[in-house]
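Asks: Quick one: the structure is below, questions incoming.
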2 protein chains.
Amino acid sequence: MMRNVSITFAERLSRWQADTEHALDRCLPASTSSPARLHEAMRYSVLGGGKRVRPALVYATAAALSLPQHTVMAAACAVEIIHAYSLIHDDLPAMDDDDLRRGRPTCHKAFDEATAVLAGDALQALAFELLTTDSDLPAKPAIRLELVRLLTQASGTAGMAGGQALDLAAEGQPADLATITDIHARKTGALIRVSVLLAAACQPDLSREDHDALDRYARCVGLAFQIQDDLLDIEGDPLLLGKATGADQALQKLTYPSVVGVEAAHRKVAELHQQTLAAIAHFGSQADSLRDLANWLVLRQH
Amino acid sequence: MMRNVSITFAERLSRWQADTEHALDRCLPASTSSPARLHEAMRYSVLGGGKRVRPALVYATAAALSLPQHTVMAAACAVEIIHAYSLIHDDLPAMDDDDLRRGRPTCHKAFDEATAVLAGDALQALAFELLTTDSDLPAKPAIRLELVRLLTQASGTAGMAGGQALDLAAEGQPADLATITDIHARKTGALIRVSVLLAAACQPDLSREDHDALDRYARCVGLAFQIQDDLLDIEGDPLLLGKATGADQALQKLTYPSVVGVEAAHRKVAELHQQTLAAIAHFGSQADSLRDLANWLVLRQH
């Protein structure tokens, strides 16, 4: 299932996914405490699956910067919780109106719409709260404050929420390369980029040069990831993907291939893939996980 | 319209409201920048009205602690923005399904449901972002981090969002004093309390004793405010209120008077009023604004 990826990386990814699941489980409120139904909805939507791409980017960046994994665990959880809340709200009838997510009923189907709205809202607050309360993150308040700043900006109107608004506005509109690049940079790119930046912010000795190199890596991998996602919706194998293809076209979603064509989109992914690897070339073997991750995200078939 | 409140306080309140409006206007994204429709929805829902109770509590606490108003302005805006986002989401068809708010169409009526969900989401991120970026707040990162922690905890499942979930779950259920007190403490109490605590956190020299006195004030005034709200929905003058009364009963909302009766609810308000004033007695004349505010919130007829 994973092409061009060594078994070692597959194992590492699998361990990261288990670590993430465990950490998320610990930081979510118990479903036995009040309000139980809200807590159940939060746990249902965050736990039990997902590729955990964003936490993996946090861990791989930490590894490249010689930071122990536990020092960035809460940052990884925070960005994954923001991602999870955005999926709950995106799936709502007023938004993409999806009944299934990862093969299970979406939050508003498993619970109800009001609970889904509130679960998303409470998860957003929890993500930022974690950055202030977790005891394993760097203790320095200036670092934690920077983590909050980075994640709020990636989540808000300049980032994910703004990208979702642009995406909805673009449905059925004429195609335009600048628009689709802006939508991708905000809607999915901002959270992918911030996953790298959060780990980078936990390393106070980082040079400006290395910071910018990691930022270039993150921007390129984020855009490549999303274009690959667009391509898989056109060319992917529904069996491997675990979902029907052609959804973007059916919803008249603006996608990268719909603007530049499928072949040019493939060329762009290959170009971004090279830029991704070039950006972190000077990090040496310590950045191997970042390389493996880029290869996986860009070459994945599901 | 304002009983038992000196003209001086009415003037101060009006100036605070204007200051808040101006500060909110500056920190909200421009409706000319992209995504314009989302920004318009955010501005529509935050600007142009409201009593600005929570910012007033921030300013009055700052005055009691000799803090210049500009040093707590961003905290006042942040809590008001959280309040505004919660109203947008509460008004959604899946929640309270309200078409009007302050005499104007609610956000999802003036725009659309998807935009209303996203405007709320982006406002929540903006509130926390402000606490990291505003240049007039105390510069010390530890103080700012504490502001973020306080506001996330007041907004999430332990606070406002959790209270809203409990409130929805309680509709049509048998009455219970512990439940209604818990709902009020979270749903409206948490943001009122945190308004006082945010200003208190900006004064690093505050003694534990004074902190706890302000916290007692805040808890009492928050509960009294909400019981008074419940009472006004039963006994208030629709003309003064600017909205129809009896809404809680129609929705089978659990309210304080519905549990203990109208007379006992009035007695509770009077008792809390006294406790509110007693809590800050030793602050002397510097706390006059906090006293005026408590008198206004508890004795208001609309």
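Naming works like this for the structure tokens: A, B, ... for the chains as they're shown, residue 1 at the start of each chain, ligands 1 onward in shown order.
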Near segment 276-290 of chain B, within 7 Å and counting only C-alpha atoms, which residues show up once chain neighbours fewer than 4 positions away are dropped, as an MDAnalysis selection string?
Replies: chainID B and resid 60:61 63:64 213:214 216:217 220:221 272 294
Asks: For a quick test of understanding: name the residues of chain B lying within 7 Å of chain A when counting only C-alpha atoms, and present them as a list in words.
Replies: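 Matching residues, ligands excluded from the count: Pro35, Leu38, Ala94, Met95, Glu113, Ala114, Thr115, Leu118, Asp121, Ala122, Ala125, Leu126, Phe128, Glu129, Thr132, Pro141, Ala142, Leu145, Arg149, Thr152, Gln153, Ser155, Gly156, Thr157, Ala161, Gly162, Ala165 and Leu166 of chain B.
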Asks: Would you save the residues from that selection as a compact mmCIF listing (two decimals), in the first residue's frame, using N, CA and C atoms?
Replies:
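Wrote it out as again.txt, contents follow:
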```
# COMPACT_ATOMS: atom_id res chain seq x y z
N PRO B 35 -11.21 36.43 2.70
CA PRO B 35 -12.52 36.27 2.04
C PRO B 35 -13.53 37.31 2.54
N LEU B 38 -16.88 36.38 4.40
CA LEU B 38 -16.64 35.89 5.76
C LEU B 38 -16.33 37.05 6.70
N ALA B 94 -29.99 24.57 13.87
CA ALA B 94 -29.80 23.33 14.64
C ALA B 94 -29.75 23.59 16.14
N MET B 95 -29.57 24.86 16.53
CA MET B 95 -29.49 25.18 17.96
C MET B 95 -30.81 25.89 18.36
N GLU B 113 -26.01 29.82 6.32
CA GLU B 113 -25.61 28.96 7.44
C GLU B 113 -24.12 28.62 7.42
N ALA B 114 -23.61 28.27 6.23
CA ALA B 114 -22.19 27.90 6.14
C ALA B 114 -21.31 29.07 6.58
N THR B 115 -21.66 30.26 6.11
CA THR B 115 -20.89 31.45 6.49
C THR B 115 -21.00 31.71 7.99
N LEU B 118 -18.70 29.29 9.84
CA LEU B 118 -17.29 29.68 9.66
C LEU B 118 -16.96 31.00 10.34
N ASP B 121 -16.40 30.20 13.89
CA ASP B 121 -15.11 29.49 14.03
C ASP B 121 -13.93 30.46 13.93
N ALA B 122 -13.98 31.34 12.94
CA ALA B 122 -12.87 32.27 12.73
C ALA B 122 -12.79 33.29 13.86
N ALA B 125 -10.93 31.76 16.86
CA ALA B 125 -9.47 31.80 16.65
C ALA B 125 -8.94 33.22 16.84
N LEU B 126 -9.69 34.20 16.32
CA LEU B 126 -9.26 35.60 16.43
C LEU B 126 -9.15 36.05 17.89
N PHE B 128 -8.35 34.38 20.55
CA PHE B 128 -7.11 33.91 21.18
C PHE B 128 -5.88 34.54 20.51
N GLU B 129 -5.98 34.75 19.20
CA GLU B 129 -4.85 35.38 18.49
C GLU B 129 -4.57 36.76 19.07
N THR B 132 -2.26 37.12 21.86
CA THR B 132 -0.84 36.90 21.58
C THR B 132 -0.21 38.06 20.82
N PRO B 141 5.27 37.46 28.59
CA PRO B 141 4.62 36.29 27.99
C PRO B 141 3.85 35.44 28.99
N ALA B 142 4.35 35.35 30.24
CA ALA B 142 3.65 34.52 31.23
C ALA B 142 2.25 35.07 31.50
N LEU B 145 0.06 34.29 28.40
CA LEU B 145 -0.26 32.86 28.36
C LEU B 145 -1.37 32.54 29.36
N ARG B 149 -5.00 30.86 28.71
CA ARG B 149 -5.48 29.72 29.49
C ARG B 149 -6.86 30.02 30.10
N THR B 152 -9.54 30.14 27.26
CA THR B 152 -9.87 28.85 26.65
C THR B 152 -10.73 28.03 27.63
N GLN B 153 -10.38 28.07 28.90
CA GLN B 153 -11.13 27.26 29.86
C GLN B 153 -12.55 27.79 30.06
N SER B 155 -14.24 29.18 27.70
CA SER B 155 -14.96 29.02 26.43
C SER B 155 -15.32 27.58 26.13
N GLY B 156 -14.54 26.64 26.60
CA GLY B 156 -14.65 25.24 26.19
C GLY B 156 -15.70 24.47 26.95
N THR B 157 -15.43 23.19 27.08
CA THR B 157 -16.44 22.29 27.64
C THR B 157 -16.64 22.52 29.14
N ALA B 161 -19.21 26.45 26.08
CA ALA B 161 -19.69 25.42 25.16
C ALA B 161 -20.32 24.25 25.92
N GLY B 162 -19.72 23.90 27.05
CA GLY B 162 -20.28 22.84 27.88
C GLY B 162 -21.64 23.25 28.44
N ALA B 165 -24.30 22.92 25.84
CA ALA B 165 -24.66 21.51 25.66
C ALA B 165 -25.59 21.04 26.78
N LEU B 166 -25.27 21.43 28.01
CA LEU B 166 -26.13 21.06 29.14
C LEU B 166 -27.52 21.68 29.00
```
Asks: Can you pull out every residue from segment 58-258 of chain B that DSSP, working from the backbone, puts in alpha helix (DSSP H), and format the result as a ChimeraX atom specification?
Replies: /B:58-64,73-90,107-110,113-133,141-155,160-170,177-184,190-201,208-235,238-241,247-250,256-258
Asks: Print the selection's residues with C-alpha atoms to a file, as a short mmCIF file (atom, residue, chain, number, x, y, z; two decimals), in the first residue's frame.
Replies:
```cif
data_model
loop_
_atom_site.label_atom_id
_atom_site.label_comp_id
_atom_site.auth_asym_id
_atom_site.auth_seq_id
_atom_site.Cartn_x
_atom_site.Cartn_y
_atom_site.Cartn_z
CA VAL B 58 -12.90 44.05 32.27
CA TYR B 59 -12.57 47.85 32.41
CA ALA B 60 -14.19 48.19 35.84
CA THR B 61 -11.87 45.52 37.27
CA ALA B 62 -8.89 47.25 35.69
CA ALA B 63 -9.99 50.52 37.31
CA ALA B 64 -10.25 48.81 40.69
CA MET B 73 -8.52 46.55 25.86
CA ALA B 74 -7.49 43.44 23.89
CA ALA B 75 -8.68 41.20 26.72
CA ALA B 76 -12.04 43.00 26.65
CA CYS B 77 -12.25 42.53 22.88
CA ALA B 78 -11.24 38.87 23.11
CA VAL B 79 -13.99 38.01 25.59
CA GLU B 80 -16.58 39.99 23.63
CA ILE B 81 -15.54 38.21 20.42
CA ILE B 82 -15.98 34.83 22.12
CA HIS B 83 -19.43 35.99 23.28
CA ALA B 84 -20.30 37.14 19.73
CA TYR B 85 -19.19 33.85 18.16
CA SER B 86 -21.30 31.91 20.68
CA LEU B 87 -24.38 33.96 19.76
CA ILE B 88 -23.86 33.23 16.04
CA HIS B 89 -23.69 29.49 16.68
CA ASP B 90 -26.52 29.54 19.29
CA CYS B 107 -25.91 35.97 10.98
CA HIS B 108 -27.18 32.89 9.16
CA LYS B 109 -30.24 34.88 7.99
CA ALA B 110 -28.26 37.91 6.85
CA GLU B 113 -25.61 28.96 7.44
CA ALA B 114 -22.19 27.90 6.14
CA THR B 115 -20.89 31.45 6.49
CA ALA B 116 -22.35 31.68 10.00
CA VAL B 117 -20.61 28.47 11.10
CA LEU B 118 -17.29 29.68 9.66
CA ALA B 119 -17.66 33.24 11.01
CA GLY B 120 -18.09 31.79 14.50
CA ASP B 121 -15.11 29.49 14.03
CA ALA B 122 -12.87 32.27 12.73
CA LEU B 123 -13.95 34.61 15.54
CA GLN B 124 -12.97 32.06 18.17
CA ALA B 125 -9.47 31.80 16.65
CA LEU B 126 -9.26 35.60 16.43
CA ALA B 127 -10.08 36.03 20.13
CA PHE B 128 -7.11 33.91 21.18
CA GLU B 129 -4.85 35.38 18.49
CA LEU B 130 -5.49 38.89 19.86
CA LEU B 131 -4.11 37.88 23.25
CA THR B 132 -0.84 36.90 21.58
CA THR B 133 -0.44 39.83 19.17
CA PRO B 141 4.62 36.29 27.99
CA ALA B 142 3.65 34.52 31.23
CA ILE B 143 0.78 36.99 31.72
CA ARG B 144 -0.45 36.62 28.14
CA LEU B 145 -0.26 32.86 28.36
CA GLU B 146 -2.37 33.01 31.52
CA LEU B 147 -4.94 35.14 29.66
CA VAL B 148 -5.12 32.49 26.92
CA ARG B 149 -5.48 29.72 29.49
CA LEU B 150 -8.26 31.54 31.35
CA LEU B 151 -10.20 32.34 28.19
CA THR B 152 -9.87 28.85 26.65
CA GLN B 153 -11.13 27.26 29.86
CA ALA B 154 -14.06 29.69 30.08
CA SER B 155 -14.96 29.02 26.43
CA MET B 160 -19.55 28.22 27.75
CA ALA B 161 -19.69 25.42 25.16
CA GLY B 162 -20.28 22.84 27.88
CA GLY B 163 -23.03 25.00 29.38
CA GLN B 164 -24.76 25.31 26.03
CA ALA B 165 -24.66 21.51 25.66
CA LEU B 166 -26.13 21.06 29.14
CA ASP B 167 -28.82 23.65 28.37
CA LEU B 168 -29.89 21.81 25.20
CA ALA B 169 -29.91 18.49 27.05
CA ALA B 170 -32.07 19.97 29.84
CA LEU B 177 -31.55 23.26 41.28
CA ALA B 178 -28.03 21.79 40.99
CA THR B 179 -28.46 21.36 37.22
CA ILE B 180 -29.72 24.88 36.54
CA THR B 181 -27.00 26.37 38.74
CA ASP B 182 -24.36 24.37 36.83
CA ILE B 183 -25.82 25.41 33.45
CA HIS B 184 -25.87 29.10 34.44
CA ALA B 190 -17.94 31.45 32.84
CA LEU B 191 -17.51 34.37 30.41
CA ILE B 192 -18.68 36.93 32.99
CA ARG B 193 -16.31 35.51 35.57
CA VAL B 194 -13.39 35.40 33.16
CA SER B 195 -13.94 39.05 32.24
CA VAL B 196 -12.98 39.93 35.81
CA LEU B 197 -10.20 37.31 35.98
CA LEU B 198 -8.59 38.51 32.73
CA ALA B 199 -8.18 42.03 34.10
CA ALA B 200 -6.98 40.61 37.43
CA ALA B 201 -4.35 38.54 35.59
CA ARG B 208 -4.25 36.13 46.55
CA GLU B 209 -6.84 37.66 48.89
CA ASP B 210 -7.84 40.41 46.45
CA HIS B 211 -7.87 37.90 43.58
CA ASP B 212 -10.28 35.67 45.46
CA ALA B 213 -12.48 38.63 46.44
CA LEU B 214 -12.77 39.66 42.78
CA ASP B 215 -13.50 36.06 41.84
CA ARG B 216 -16.31 35.94 44.42
CA TYR B 217 -17.70 39.19 43.02
CA ALA B 218 -17.56 37.76 39.50
CA ARG B 219 -19.28 34.47 40.36
CA CYS B 220 -22.08 36.21 42.27
CA VAL B 221 -22.68 38.87 39.65
CA GLY B 222 -22.69 36.24 36.87
CA LEU B 223 -25.36 34.12 38.53
CA ALA B 224 -27.44 37.17 39.54
CA PHE B 225 -27.24 38.47 35.95
CA GLN B 226 -28.56 35.20 34.56
CA ILE B 227 -31.37 34.77 37.09
CA GLN B 228 -32.42 38.36 36.38
CA ASP B 229 -32.41 37.43 32.68
CA ASP B 230 -34.66 34.47 33.42
CA LEU B 231 -36.98 36.72 35.46
CA LEU B 232 -37.15 39.37 32.74
CA ASP B 233 -38.24 36.69 30.28
CA ILE B 234 -41.20 36.05 32.57
CA GLU B 235 -41.99 39.49 34.00
CA PRO B 238 -41.41 43.54 25.97
CA LEU B 239 -41.17 47.21 24.96
CA LEU B 240 -38.20 47.86 27.26
CA LEU B 241 -36.62 44.50 26.42
CA ALA B 247 -39.39 32.54 24.99
CA ASP B 248 -37.83 30.31 27.64
CA GLN B 249 -41.17 28.79 28.53
CA ALA B 250 -42.07 28.25 24.89
CA TYR B 256 -33.94 29.40 37.72
CA PRO B 257 -37.51 30.66 38.40
CA SER B 258 -38.96 27.54 36.75
#
```
Asks: Which residues are close to segment 10-22 of chain B, i.e. within 9 Å by only C-alpha atoms, leaving aside same-chain residues fewer than 5 positions away? Reply as a PyMOL selection string.
Replies: chain B and resi 2+5+27+46-53+55-56+59+73+76-77+80+289+293
Asks: Once you have the residues from the selection above, write them out as a PDB file, in the first residue's frame, restricted to N, CA and C atoms.
Replies:
```
ATOM      1  N   MET B   2     -32.318  53.462  33.255  1.00  0.00           N
ATOM      2  CA  MET B   2     -31.391  52.837  34.197  1.00  0.00           C
ATOM      3  C   MET B   2     -31.734  53.256  35.605  1.00  0.00           C
ATOM      4  N   VAL B   5     -28.929  53.975  39.128  1.00  0.00           N
ATOM      5  CA  VAL B   5     -27.585  54.128  38.595  1.00  0.00           C
ATOM      6  C   VAL B   5     -27.378  55.618  38.340  1.00  0.00           C
ATOM      7  N   CYS B  27      -9.684  45.547  15.419  1.00  0.00           N
ATOM      8  CA  CYS B  27      -9.060  44.213  15.451  1.00  0.00           C
ATOM      9  C   CYS B  27      -9.746  43.203  14.540  1.00  0.00           C
ATOM     10  N   VAL B  46     -20.263  41.142  15.227  1.00  0.00           N
ATOM     11  CA  VAL B  46     -19.554  41.672  16.400  1.00  0.00           C
ATOM     12  C   VAL B  46     -19.854  43.150  16.612  1.00  0.00           C
ATOM     13  N   LEU B  47     -19.944  43.901  15.518  1.00  0.00           N
ATOM     14  CA  LEU B  47     -20.074  45.363  15.627  1.00  0.00           C
ATOM     15  C   LEU B  47     -21.539  45.794  15.682  1.00  0.00           C
ATOM     16  N   GLY B  48     -21.731  47.048  16.099  1.00  0.00           N
ATOM     17  CA  GLY B  48     -23.053  47.658  15.983  1.00  0.00           C
ATOM     18  C   GLY B  48     -24.038  47.266  17.057  1.00  0.00           C
ATOM     19  N   GLY B  49     -23.603  47.200  18.296  1.00  0.00           N
ATOM     20  CA  GLY B  49     -24.617  47.016  19.326  1.00  0.00           C
ATOM     21  C   GLY B  49     -24.221  46.052  20.403  1.00  0.00           C
ATOM     22  N   GLY B  50     -25.172  45.806  21.272  1.00  0.00           N
ATOM     23  CA  GLY B  50     -24.885  44.944  22.410  1.00  0.00           C
ATOM     24  C   GLY B  50     -24.563  45.821  23.599  1.00  0.00           C
ATOM     25  N   LYS B  51     -24.829  45.304  24.771  1.00  0.00           N
ATOM     26  CA  LYS B  51     -24.593  46.094  25.982  1.00  0.00           C
ATOM     27  C   LYS B  51     -23.109  46.145  26.327  1.00  0.00           C
ATOM     28  N   ARG B  52     -22.352  45.202  25.784  1.00  0.00           N
ATOM     29  CA  ARG B  52     -20.897  45.129  26.073  1.00  0.00           C
ATOM     30  C   ARG B  52     -20.654  44.959  27.566  1.00  0.00           C
ATOM     31  N   VAL B  53     -21.434  44.079  28.165  1.00  0.00           N
ATOM     32  CA  VAL B  53     -21.343  43.809  29.600  1.00  0.00           C
ATOM     33  C   VAL B  53     -19.956  43.272  29.958  1.00  0.00           C
ATOM     34  N   PRO B  55     -16.896  43.428  28.300  1.00  0.00           N
ATOM     35  CA  PRO B  55     -15.838  44.446  28.307  1.00  0.00           C
ATOM     36  C   PRO B  55     -15.963  45.417  29.483  1.00  0.00           C
ATOM     37  N   ALA B  56     -17.194  45.816  29.827  1.00  0.00           N
ATOM     38  CA  ALA B  56     -17.361  46.748  30.954  1.00  0.00           C
ATOM     39  C   ALA B  56     -16.804  46.140  32.243  1.00  0.00           C
ATOM     40  N   TYR B  59     -13.024  46.474  32.120  1.00  0.00           N
ATOM     41  CA  TYR B  59     -12.568  47.846  32.406  1.00  0.00           C
ATOM     42  C   TYR B  59     -12.759  48.208  33.879  1.00  0.00           C
ATOM     43  N   MET B  73      -7.594  46.393  26.987  1.00  0.00           N
ATOM     44  CA  MET B  73      -8.523  46.551  25.855  1.00  0.00           C
ATOM     45  C   MET B  73      -8.618  45.267  25.024  1.00  0.00           C
ATOM     46  N   ALA B  76     -10.615  42.683  26.752  1.00  0.00           N
ATOM     47  CA  ALA B  76     -12.043  43.004  26.654  1.00  0.00           C
ATOM     48  C   ALA B  76     -12.586  42.601  25.279  1.00  0.00           C
ATOM     49  N   CYS B  77     -11.818  42.903  24.239  1.00  0.00           N
ATOM     50  CA  CYS B  77     -12.246  42.535  22.879  1.00  0.00           C
ATOM     51  C   CYS B  77     -12.297  41.023  22.728  1.00  0.00           C
ATOM     52  N   GLU B  80     -15.375  39.594  24.368  1.00  0.00           N
ATOM     53  CA  GLU B  80     -16.577  39.992  23.630  1.00  0.00           C
ATOM     54  C   GLU B  80     -16.684  39.231  22.300  1.00  0.00           C
ATOM     55  N   SER B 289     -16.841  51.566  40.112  1.00  0.00           N
ATOM     56  CA  SER B 289     -17.374  51.113  38.815  1.00  0.00           C
ATOM     57  C   SER B 289     -17.863  49.674  38.888  1.00  0.00           C
ATOM     58  N   LEU B 293     -21.672  48.707  38.223  1.00  0.00           N
ATOM     59  CA  LEU B 293     -21.927  47.679  37.215  1.00  0.00           C
ATOM     60  C   LEU B 293     -22.799  46.576  37.802  1.00  0.00           C
TER      61      LEU B 293
END
```
